[in-house]
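run_0.cif (mmCIF, C-alpha atoms)
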data_structure
#
loop_
_atom_site.group_PDB
_atom_site.id
_atom_site.type_symbol
_atom_site.label_atom_id
_atom_site.label_comp_id
_atom_site.auth_asym_id
_atom_site.auth_seq_id
_atom_site.Cartn_x
_atom_site.Cartn_y
_atom_site.Cartn_z
ATOM 1 C CA MET A 1 0.000 0.000 0.000
ATOM 2 C CA GLU A 2 1.053 3.630 -0.472
ATOM 3 C CA VAL A 3 1.419 5.935 2.546
ATOM 4 C CA THR A 4 2.209 9.619 3.044
ATOM 5 C CA CYS A 5 4.756 10.887 5.561
ATOM 6 C CA PRO A 6 3.226 13.351 8.070
ATOM 7 C CA THR A 7 6.484 15.356 8.202
ATOM 8 C CA CYS A 8 7.756 15.800 4.633
ATOM 9 C CA SER A 9 4.615 14.650 2.701
ATOM 10 C CA ALA A 10 6.604 12.131 0.676
ATOM 11 C CA THR A 11 4.698 9.085 -0.554
ATOM 12 C CA PHE A 12 6.145 5.576 -0.568
ATOM 13 C CA LYS A 13 4.978 1.984 -0.558
ATOM 14 C CA VAL A 14 4.957 -0.369 2.437
ATOM 15 C CA PRO A 15 3.737 -3.970 2.851
ATOM 16 C CA ASP A 16 0.037 -4.324 3.740
ATOM 17 C CA THR A 17 0.972 -6.217 6.907
ATOM 18 C CA VAL A 18 2.894 -3.417 8.681
ATOM 19 C CA SER A 19 1.336 -0.855 11.018
ATOM 20 C CA VAL A 20 4.401 1.324 11.671
ATOM 21 C CA ALA A 21 6.708 2.724 8.986
ATOM 22 C CA THR A 22 9.792 4.931 8.778
ATOM 23 C CA CYS A 23 9.904 7.499 5.995
ATOM 24 C CA PRO A 24 12.885 6.788 3.708
ATOM 25 C CA TYR A 25 13.225 10.505 2.944
ATOM 26 C CA CYS A 26 13.188 12.257 6.321
ATOM 27 C CA GLY A 27 13.397 9.434 8.880
ATOM 28 C CA THR A 28 10.043 10.041 10.628
ATOM 29 C CA THR A 29 8.538 6.906 12.218
ATOM 30 C CA PHE A 30 4.739 6.927 12.291
ATOM 31 C CA HIS A 31 1.585 4.799 12.474
ATOM 32 C CA ILE A 32 0.463 4.303 8.888
ATOM 33 C CA HIS A 33 -3.279 4.158 9.662
ATOM 34 C CA THR A 34 -3.479 7.291 11.823
ATOM 35 C CA GLY A 35 -0.480 9.277 10.606
ATOM 36 C CA SER A 36 0.536 9.979 14.211
ATOM 37 C CA GLU A 37 4.241 9.894 14.976
ATOM 38 C CA VAL A 38 5.651 7.167 17.172
ATOM 39 C CA GLN A 39 6.723 8.734 20.451
ATOM 40 C CA GLU A 40 9.595 6.309 21.021
ATOM 41 C CA GLU A 41 12.767 8.398 20.705
ATOM 42 C CA HIS A 42 15.465 5.764 21.176
ATOM 43 C CA PHE A 43 16.417 3.593 18.216
ATOM 44 C CA PHE A 44 19.296 1.469 16.970
ATOM 45 C CA PHE A 45 20.528 0.095 13.654
ATOM 46 C CA PRO A 46 20.949 -3.694 13.734
ATOM 47 C CA PRO A 47 24.518 -4.800 12.869
ATOM 48 C CA ILE A 48 25.392 -6.911 9.851
ATOM 49 C CA LYS A 49 25.937 -10.639 10.264
ATOM 50 C CA LYS A 50 28.926 -10.751 7.902
ATOM 51 C CA ASP A 51 32.465 -10.766 9.254
ATOM 52 C CA PRO A 52 33.665 -7.117 9.273
ATOM 53 C CA ALA A 53 37.324 -8.174 9.126
ATOM 54 C CA GLY A 54 36.706 -10.233 5.995
ATOM 55 C CA LEU A 55 34.897 -7.335 4.307
ATOM 56 C CA LEU A 56 37.699 -4.963 5.268
ATOM 57 C CA LEU A 57 40.559 -7.104 3.970
ATOM 58 C CA LYS A 58 38.740 -7.854 0.731
ATOM 59 C CA PHE A 59 38.266 -4.117 0.145
ATOM 60 C CA LEU A 60 41.926 -3.384 0.936
ATOM 61 C CA SER A 61 43.102 -6.111 -1.454
ATOM 62 C CA ARG A 62 41.618 -4.085 -4.327
ATOM 63 C CA GLN A 63 43.544 -0.909 -3.479
ATOM 64 C CA TYR A 64 46.569 0.411 -5.347
ATOM 65 C CA GLY A 65 49.838 -1.085 -4.123
ATOM 66 C CA ALA A 66 48.236 -3.373 -1.525
ATOM 67 C CA PRO A 67 49.977 -6.718 -0.822
ATOM 68 C CA ALA A 68 48.550 -9.566 -2.871
ATOM 69 C CA ASP A 69 48.156 -11.724 0.231
ATOM 70 C CA ILE A 70 46.625 -9.091 2.516
ATOM 71 C CA THR A 71 43.372 -11.071 2.736
ATOM 72 C CA GLY A 72 45.345 -13.584 4.814
ATOM 73 C CA ALA A 73 46.550 -10.979 7.338
ATOM 74 C CA LYS A 74 46.265 -11.897 11.015
ATOM 75 C CA VAL A 75 43.241 -10.253 12.651
ATOM 76 C CA LEU A 76 44.147 -9.083 16.166
ATOM 77 C CA LYS A 77 40.920 -7.420 17.276
ATOM 78 C CA LYS A 78 37.256 -7.124 16.288
ATOM 79 C CA GLU A 79 35.117 -5.007 18.595
ATOM 80 C CA LEU A 80 31.611 -3.651 18.134
ATOM 81 C CA TYR A 81 30.770 -0.227 19.542
ATOM 82 C CA TRP A 82 27.409 1.522 19.795
ATOM 83 C CA VAL A 83 27.894 5.227 19.076
ATOM 84 C CA PRO A 84 25.139 7.632 20.231
ATOM 85 C CA VAL A 85 23.855 9.884 17.440
ATOM 86 C CA TYR A 86 21.107 12.520 17.566
ATOM 87 C CA PHE A 87 19.119 12.498 14.338
ATOM 88 C CA PHE A 88 17.388 15.595 12.941
ATOM 89 C CA TYR A 89 15.239 16.425 9.954
ATOM 90 C CA LEU A 90 16.152 19.881 8.610
ATOM 91 C CA HIS A 91 14.081 22.022 6.273
ATOM 92 C CA GLY A 92 14.776 25.684 5.598
ATOM 93 C CA LYS A 93 13.995 28.278 2.961
ATOM 94 C CA SER A 94 14.327 31.974 2.277
ATOM 95 C CA ARG A 95 11.239 34.154 2.532
ATOM 96 C CA VAL A 96 12.507 36.500 -0.170
ATOM 97 C CA LYS A 97 14.178 34.118 -2.649
ATOM 98 C CA GLU A 98 12.209 31.025 -3.635
ATOM 99 C CA SER A 99 15.178 29.176 -5.133
ATOM 100 C CA VAL A 100 17.037 29.142 -1.791
ATOM 101 C CA GLU A 101 15.875 26.012 0.031
ATOM 102 C CA GLU A 102 17.586 23.184 1.902
ATOM 103 C CA VAL A 103 16.330 19.772 3.032
ATOM 104 C CA GLU A 104 18.665 17.511 4.942
ATOM 105 C CA PHE A 105 18.641 14.470 7.199
ATOM 106 C CA LEU A 106 21.400 15.058 9.736
ATOM 107 C CA GLY A 107 23.067 12.788 12.288
ATOM 108 C CA ILE A 108 25.252 14.382 14.983
ATOM 109 C CA PRO A 109 27.522 11.981 16.926
ATOM 110 C CA VAL A 110 27.347 12.968 20.589
ATOM 111 C CA GLY A 111 29.517 10.476 22.446
ATOM 112 C CA SER A 112 32.253 7.801 22.442
ATOM 113 C CA PRO A 113 35.860 8.186 21.258
ATOM 114 C CA PHE A 114 34.596 7.870 17.672
ATOM 115 C CA LYS A 115 32.417 10.992 17.430
ATOM 116 C CA THR A 116 35.124 12.804 15.438
ATOM 117 C CA LEU A 117 35.472 9.861 13.063
ATOM 118 C CA LEU A 118 31.737 9.981 12.308
ATOM 119 C CA MET A 119 31.393 13.763 12.086
ATOM 120 C CA ASN A 120 29.700 14.650 8.764
ATOM 121 C CA TYR A 121 29.093 10.927 8.182
ATOM 122 C CA PRO A 122 26.324 10.084 5.668
ATOM 123 C CA PHE A 123 24.137 8.101 8.072
ATOM 124 C CA PRO A 124 21.331 6.142 6.378
ATOM 125 C CA VAL A 125 17.687 7.133 6.746
ATOM 126 C CA ARG A 126 16.310 3.616 6.431
ATOM 127 C CA GLY A 127 16.847 0.718 8.795
ATOM 128 C CA LYS A 128 16.471 2.040 12.321
ATOM 129 C CA HIS A 129 14.564 -0.156 14.777
ATOM 130 C CA PHE A 130 13.128 0.445 18.208
ATOM 131 C CA PHE A 131 15.750 0.216 20.921
ATOM 132 C CA ASP A 132 16.469 -3.354 21.920
ATOM 133 C CA GLU A 133 18.702 -3.717 24.968
ATOM 134 C CA ALA A 134 19.414 -7.375 24.237
ATOM 135 C CA THR A 135 20.873 -6.536 20.823
ATOM 136 C CA VAL A 136 22.887 -3.561 22.051
ATOM 137 C CA LYS A 137 24.528 -5.693 24.775
ATOM 138 C CA LYS A 138 26.468 -7.483 22.050
ATOM 139 C CA GLY A 139 28.923 -4.569 21.897
ATOM 140 C CA LYS A 140 30.316 -1.654 23.940
ATOM 141 C CA TYR A 141 27.568 0.849 24.631
ATOM 142 C CA HIS A 142 28.291 4.595 24.933
ATOM 143 C CA GLU A 143 25.992 7.183 26.469
ATOM 144 C CA PRO A 144 25.495 10.660 24.929
ATOM 145 C CA GLU A 145 27.969 13.277 26.166
ATOM 146 C CA MET A 146 26.000 16.197 24.750
ATOM 147 C CA LYS A 147 22.511 17.418 25.594
ATOM 148 C CA ARG A 148 19.860 17.213 22.926
ATOM 149 C CA GLU A 149 19.369 21.005 23.019
ATOM 150 C CA GLU A 150 23.037 21.611 22.255
ATOM 151 C CA ALA A 151 22.948 19.266 19.273
ATOM 152 C CA GLU A 152 19.747 20.938 18.090
ATOM 153 C CA GLY A 153 21.548 24.292 18.189
ATOM 154 C CA ILE A 154 24.342 22.866 16.020
ATOM 155 C CA ALA A 155 21.784 21.566 13.532
ATOM 156 C CA HIS A 156 20.018 24.944 13.486
ATOM 157 C CA SER A 157 23.290 26.813 12.805
ATOM 158 C CA ARG A 158 24.255 24.359 10.079
ATOM 159 C CA LEU A 159 20.926 24.810 8.303
ATOM 160 C CA GLU A 160 21.099 28.605 8.494
ATOM 161 C CA SER A 161 24.691 28.661 7.208
ATOM 162 C CA ALA A 162 23.799 26.369 4.294
ATOM 163 C CA LEU A 163 20.939 28.655 3.242
ATOM 164 C CA ARG A 164 22.993 31.824 3.442
ATOM 165 C CA LYS A 165 25.838 30.172 1.529
ATOM 166 C CA GLU A 166 23.419 29.034 -1.182
ATOM 167 C CA ALA A 167 22.020 32.569 -1.501
ATOM 168 C CA SER A 168 25.539 34.030 -1.623
ATOM 169 C CA GLU A 169 26.509 31.659 -4.439
ATOM 170 C CA GLU A 170 23.514 32.973 -6.380
ATOM 171 C CA GLY A 171 24.738 36.526 -5.805
ATOM 172 C CA SER A 172 21.970 37.585 -3.445
ATOM 173 C CA SER A 173 20.987 37.759 0.224
ATOM 174 C CA ALA A 174 18.853 35.087 1.885
ATOM 175 C CA GLY A 175 17.011 37.657 4.019
ATOM 176 C CA GLU A 176 14.586 36.250 6.594
ATOM 177 C CA LEU A 177 14.543 32.473 6.881
ATOM 178 C CA ASP A 178 11.974 29.844 7.784
ATOM 179 C CA LEU A 179 13.817 27.099 9.634
ATOM 180 C CA THR A 180 12.509 23.712 10.772
ATOM 181 C CA VAL A 181 14.755 21.530 12.927
ATOM 182 C CA LYS A 182 12.878 18.399 13.939
ATOM 183 C CA PHE A 183 14.342 15.900 16.400
ATOM 184 C CA GLN A 184 14.067 12.355 15.060
ATOM 185 C CA GLY A 185 15.428 10.506 18.072
ATOM 186 C CA LEU A 186 18.566 9.153 19.682
ATOM 187 C CA VAL A 187 20.097 6.367 17.635
ATOM 188 C CA HIS A 188 22.841 4.010 18.727
ATOM 189 C CA TYR A 189 24.837 3.311 15.594
ATOM 190 C CA PRO A 190 27.034 0.180 15.243
ATOM 191 C CA LEU A 191 30.719 0.641 14.470
ATOM 192 C CA TRP A 192 33.310 -2.116 14.159
ATOM 193 C CA GLU A 193 36.922 -1.497 15.132
ATOM 194 C CA VAL A 194 39.229 -3.985 13.410
ATOM 195 C CA HIS A 195 42.969 -4.377 13.990
ATOM 196 C CA TYR A 196 45.134 -6.611 11.831
ATOM 197 C CA GLU A 197 48.834 -7.384 11.595
ATOM 198 C CA TYR A 198 50.870 -7.531 8.415
ATOM 199 C CA GLY A 199 54.653 -7.588 8.085
ATOM 200 C CA GLY A 200 55.112 -7.028 11.793
ATOM 201 C CA GLU A 201 53.024 -3.837 11.776
ATOM 202 C CA THR A 202 49.565 -3.247 13.237
ATOM 203 C CA PHE A 203 46.850 -1.417 11.281
ATOM 204 C CA VAL A 204 43.723 0.112 12.836
ATOM 205 C CA ASN A 205 40.501 0.201 10.808
ATOM 206 C CA PHE A 206 36.805 1.043 11.194
ATOM 207 C CA VAL A 207 33.858 -0.587 9.435
ATOM 208 C CA ASP A 208 30.233 0.568 9.271
ATOM 209 C CA GLY A 209 28.234 -1.930 11.316
ATOM 210 C CA THR A 210 25.070 -1.533 9.243
ATOM 211 C CA ASP A 211 26.345 -2.450 5.776
ATOM 212 C CA GLY A 212 30.033 -3.351 6.039
ATOM 213 C CA ARG A 213 31.431 -0.328 4.208
ATOM 214 C CA VAL A 214 34.962 0.624 5.214
ATOM 215 C CA ILE A 215 34.897 3.995 6.976
ATOM 216 C CA ARG A 216 38.644 4.107 7.501
ATOM 217 C CA GLY A 217 41.085 1.502 6.267
ATOM 218 C CA GLU A 218 44.881 1.326 6.523
ATOM 219 C CA TYR A 219 47.202 -0.881 4.518
ATOM 220 C CA PRO A 220 50.946 -1.089 3.766
ATOM 221 C CA LEU A 221 51.981 0.262 0.371
ATOM 222 C CA MET A 222 54.369 -2.191 -1.270
ATOM 223 C CA SER A 223 57.860 -0.999 -2.244
ATOM 224 C CA GLY A 224 57.204 -1.542 -5.952
ATOM 225 C CA ALA A 225 54.237 0.809 -5.862
ATOM 226 C CA ARG A 226 56.262 3.418 -3.949
ATOM 227 C CA LYS A 227 59.045 3.258 -6.549
ATOM 228 C CA LYS A 228 56.546 3.726 -9.371
ATOM 229 C CA ALA A 229 55.031 6.719 -7.596
ATOM 230 C CA THR A 230 58.488 8.238 -7.067
ATOM 231 C CA LEU A 231 59.394 7.782 -10.745
ATOM 232 C CA LEU A 232 56.041 9.156 -11.892
ATOM 233 C CA GLY A 233 56.327 12.179 -9.612
ATOM 234 C CA GLY A 234 59.844 12.845 -10.849
ATOM 235 C CA GLY A 235 58.658 12.476 -14.438
ATOM 236 C CA VAL A 236 55.909 15.061 -13.931
ATOM 237 C CA ILE A 237 58.439 17.527 -12.543
ATOM 238 C CA GLY A 238 60.813 16.810 -15.434
ATOM 239 C CA VAL A 239 58.097 17.414 -18.022
ATOM 240 C CA GLY A 240 57.255 20.709 -16.339
ATOM 241 C CA VAL A 241 60.874 21.837 -16.490
ATOM 242 C CA LEU A 242 61.180 20.753 -20.150
ATOM 243 C CA LEU A 243 58.079 22.686 -21.165
ATOM 244 C CA GLY A 244 59.419 25.654 -19.214
ATOM 245 C CA LEU A 245 62.708 25.533 -21.139
ATOM 246 C CA ILE A 246 60.855 25.465 -24.433
ATOM 247 C CA ALA A 247 58.720 28.433 -23.355
ATOM 248 C CA SER A 248 61.794 30.347 -22.166
ATOM 249 C CA ALA A 249 63.584 29.775 -25.472
ATOM 250 C CA ALA A 250 60.558 30.901 -27.439
ATOM 251 C CA LEU A 251 59.940 34.017 -25.338
ATOM 252 C CA SER A 252 63.559 34.794 -24.449
ATOM 253 C CA THR A 253 62.761 34.989 -20.744
ATOM 254 C CA ALA A 254 63.566 32.906 -17.683
ATOM 255 C CA TRP A 255 59.974 33.025 -16.459
ATOM 256 C CA GLY A 256 59.086 30.036 -18.614
ATOM 257 C CA VAL A 257 61.482 27.788 -16.683
ATOM 258 C CA ILE A 258 60.242 29.103 -13.359
ATOM 259 C CA GLY A 259 56.621 28.581 -14.348
ATOM 260 C CA GLY A 260 57.310 25.073 -15.627
ATOM 261 C CA LEU A 261 59.192 24.145 -12.466
ATOM 262 C CA VAL A 262 56.397 25.433 -10.221
ATOM 263 C CA ALA A 263 53.709 23.628 -12.235
ATOM 264 C CA GLY A 264 55.704 20.402 -12.337
ATOM 265 C CA ALA A 265 56.481 20.540 -8.622
ATOM 266 C CA ALA A 266 52.814 21.094 -7.794
ATOM 267 C CA GLY A 267 51.756 18.084 -9.873
ATOM 268 C CA GLY A 268 54.569 15.855 -8.677
ATOM 269 C CA ALA A 269 54.088 16.721 -5.004
ATOM 270 C CA GLY A 270 50.597 15.216 -4.949
ATOM 271 C CA ILE A 271 51.927 11.969 -6.401
ATOM 272 C CA PHE A 272 54.807 11.851 -3.907
ATOM 273 C CA VAL A 273 52.517 12.478 -0.926
ATOM 274 C CA ARG A 274 49.991 9.784 -1.863
ATOM 275 C CA GLY A 275 52.268 7.205 -3.434
ATOM 276 C CA SER A 276 55.576 7.385 -1.649
ATOM 277 C CA VAL A 277 54.324 6.702 1.871
ATOM 278 C CA GLY A 278 54.732 3.459 3.811
ATOM 279 C CA ARG A 279 51.009 3.070 4.469
ATOM 280 C CA ARG A 280 47.860 4.504 2.962
ATOM 281 C CA THR A 281 44.493 5.478 4.442
ATOM 282 C CA VAL A 282 41.406 4.844 2.310
ATOM 283 C CA SER A 283 37.628 4.910 2.732
ATOM 284 C CA GLN A 284 34.527 3.719 0.903
ATOM 285 C CA VAL A 285 32.467 6.460 2.493
ATOM 286 C CA MET A 286 34.432 9.600 3.361
ATOM 287 C CA LYS A 287 36.796 11.782 1.375
ATOM 288 C CA THR A 288 40.280 11.213 2.722
ATOM 289 C CA ASP A 289 41.771 14.587 1.822
ATOM 290 C CA ARG A 290 39.259 17.116 3.172
ATOM 291 C CA GLY A 291 35.972 17.416 5.031
ATOM 292 C CA ASN A 292 36.027 15.073 7.989
ATOM 293 C CA VAL A 293 38.884 16.138 10.294
ATOM 294 C CA TYR A 294 39.764 12.502 10.950
ATOM 295 C CA PHE A 295 41.031 12.174 7.376
ATOM 296 C CA ARG A 296 42.433 15.666 6.873
ATOM 297 C CA VAL A 297 45.973 15.695 5.477
ATOM 298 C CA LEU A 298 48.183 17.709 7.851
#

Please go through the file and, once you have read it, give me the structure as structure tokens.
Amino acid sequence: MEVTCPTCSATFKVPDTVSVATCPYCGTTFHIHTGSEVQEEHFFFPPIKKDPAGLLLKFLSRQYGAPADITGAKVLKKELYWVPVYFFYLHGKSRVKESVEEVEFLGIPVGSPFKTLLMNYPFPVRGKHFFDEATVKKGKYHEPEMKREEAEGIAHSRLESALRKEASEEGSSAGELDLTVKFQGLVHYPLWEVHYEYGGETFVNFVDGTDGRVIRGEYPLMSGARKKATLLGGGVIGVGVLLGLIASAALSTAWGVIGGLVAGAAGGAGIFVRGSVGRRTVSQVMKTDRGNVYFRVL
């Protein structure tokens, strides 16, 4: 049957046998026959049944320069953690400019040592269940370290900033705003911490407990791959210098060489940084060069 969400008015289909549904667009849980929202505010996402270490090592085996036998690495630790996350549905728009509008489903980690790791994480809308203490006892449970009102303030500021940025990019002012920040509940989100050993070194990794995606993975970059990266980086710099010499000869000025050297160094530096290291950090979910501070290159 088709139902309509009481919060965002989206329509979607559910089996005829269910009486409670969660909107896949905004995360609202409601009774499908009455449209009234479920008052339960504590949820969890059930963890996957697959081995997180196996999923991790298989993903790493497909990465550039990874050891061919990394899938056989010795797993030292597999631990499940339940990270507290406040979920919000955000909707905002400008009163003076119709094109400026934002809709977002936002999860704010509010506890555990992993809240920085999951900051700006694309949490799923679907899949949350009512809190089940028996299930949560299977891992380490963390309580929220931030009050709901504080997290709501963060969500409110984020929505307002996004609207004003959108208006600025269009070359105008957002003016007065209509902002809706709706609390969707406290969710305990599953996170696997996996340690493995390879070549006498230990690597620390994190896997999403809901679907097995690698949030943060580390692996040793083999010497052959590092040599290739070094040669490639040097080649890029050499090409830059060569083009600079040609430009200098044609224009009778030394600026061509300087420009070529700068351009070549800029291109080669990126290759050196990513390819000439002893270990690499990769992710199936987050950008590893900007955004989430956990992955920011220092």

Task: Point-to-point distance in Å for CA of Glu201 (chain A) and CA of Gly278 (chain A) - done: 10.9 Å

Open item on the list: As a check of understanding, name the residues that the PyMOL selection byres ((chain A and resi 195) around 9) selects in the supplied structure, as a ChimeraX atom specification.
Closed with: /A:53,74-78,193-194,196-197,202-206

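In terms of minimum interatomic distance to Pro6 (chain A), A:Thr29 ranks closest within A:Ser19, A:Thr29, A:Gln184, A:Thr281, counting all atoms listed in the file.
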
Open item on the list: Ranking A:Lys13, A:Arg164, A:His31, A:Arg213 by minimum distance to Lys97 (chain A) and counting all atoms listed in the file, which one comes first?
Closed with: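 Of all the options, A:Arg164 lies closest to Lys97 (chain A).
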
Open item on the list: Please expand the PyMOL selection byres ((chain A and resi 55) around 10) into the concrete residues it hits in this file, giving the result as a VMD selection string.
Closed with: chain A and resid 50 to 54 56 to 60 71 207 211 to 214

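Relative to CA of Arg158 (chain A), CA of Leu118 (chain A) is found at 16.4 Å.
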
TODO: Kindly give the distance, in Å, that separates CA of Tyr189 (chain A) and CA of Phe130 (chain A), rounded to a single decimal.
DONE: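 It comes out at 12.3 Å.
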
At a cut-off of 10 Å, using all atoms listed in the file, what residues contact region 33-43 of chain A? Leave out same-chain residues fewer than 6 positions from it and give the result as a short mmCIF file (atom, residue, chain, number, x, y, z; two decimals) with C-alpha atoms, keeping the file's coordinate frame.
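As a result, out10.cif now contains:
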data_model
loop_
_atom_site.label_atom_id
_atom_site.label_comp_id
_atom_site.auth_asym_id
_atom_site.auth_seq_id
_atom_site.Cartn_x
_atom_site.Cartn_y
_atom_site.Cartn_z
CA VAL A 3 1.42 5.94 2.55
CA THR A 4 2.21 9.62 3.04
CA CYS A 5 4.76 10.89 5.56
CA PRO A 6 3.23 13.35 8.07
CA THR A 7 6.48 15.36 8.20
CA VAL A 18 2.89 -3.42 8.68
CA SER A 19 1.34 -0.86 11.02
CA VAL A 20 4.40 1.32 11.67
CA ALA A 21 6.71 2.72 8.99
CA THR A 22 9.79 4.93 8.78
CA PRO A 84 25.14 7.63 20.23
CA VAL A 85 23.86 9.88 17.44
CA TYR A 86 21.11 12.52 17.57
CA PHE A 87 19.12 12.50 14.34
CA GLY A 127 16.85 0.72 8.80
CA LYS A 128 16.47 2.04 12.32
CA HIS A 129 14.56 -0.16 14.78
CA PHE A 130 13.13 0.44 18.21
CA PHE A 131 15.75 0.22 20.92
CA ASP A 132 16.47 -3.35 21.92
CA PHE A 183 14.34 15.90 16.40
CA GLN A 184 14.07 12.36 15.06
CA GLY A 185 15.43 10.51 18.07
CA LEU A 186 18.57 9.15 19.68
CA VAL A 187 20.10 6.37 17.64
CA HIS A 188 22.84 4.01 18.73
CA TYR A 189 24.84 3.31 15.59
#

TODO: Return the single residue from A:Thr28, A:Ser61, A:Gly72, A:Ile215 that is closest to Gly199 (chain A), with distances computed using all atoms listed in the file.
DONE: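 Going through A:Thr28, A:Ser61, A:Gly72, A:Ile215 one by one, the smallest distance to Gly199 (chain A) is for A:Gly72.
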
Open item on the list: When you count all atoms listed in the file, which of these residues is closest to Gly200 (chain A): A:Ala73, A:Ser161, A:Arg280, A:Met222?
Closed with: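 So, comparing all the options, the nearest one is A:Ala73.
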
- [ ] Go through A:Val83, A:Val14, A:Leu117, A:Ala174 and flag the residue nearest Ser99 (chain A), using only C-alpha atoms for the distances.
- [x]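 Of the candidates, the smallest distance to Ser99 (chain A) is held by A:Ala174.
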
TODO: Using all atoms listed in the file, pick whichever of A:Leu159, A:Met1, A:Ile32, A:Ala66 has the shortest atom-to-atom distance to Val181 (chain A).
DONE: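 Counting all atoms listed in the file, the residue closest to Val181 (chain A) is A:Leu159.
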
The residues within 6 Å of (20.8, -4.3, 17.1), using only C-alpha atoms and the coordinates of the file, should be reported as an mmCIF file with C-alpha atoms, in the frame of the given file; which are they?
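Produced file point_7.cif, reproduced below:
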data_model
loop_
_atom_site.group_PDB
_atom_site.id
_atom_site.type_symbol
_atom_site.label_atom_id
_atom_site.label_comp_id
_atom_site.auth_asym_id
_atom_site.auth_seq_id
_atom_site.Cartn_x
_atom_site.Cartn_y
_atom_site.Cartn_z
ATOM 1 C CA PHE A 44 19.296 1.469 16.970
ATOM 2 C CA PHE A 45 20.528 0.095 13.654
ATOM 3 C CA PRO A 46 20.949 -3.694 13.734
ATOM 4 C CA PRO A 47 24.518 -4.800 12.869
ATOM 5 C CA THR A 135 20.873 -6.536 20.823
ATOM 6 C CA VAL A 136 22.887 -3.561 22.051
#

- [ ] Name the residues that the PyMOL selection byres ((chain A and resi 112) around 8) picks from the file above, as a PyMOL selection string, using the file's chain letters and numbers.
- [x] chain A and resi 83-84+110-111+113-115+142-145

Centre and edges of the region 126-134 of chain A box, axis-aligned, 4 Å extra per side, as AutoDock Vina command-line options:
--center_x 16.3 --center_y -1.9 --center_z 15.7 --size_x 14.3 --size_y 19.0 --size_z 26.5
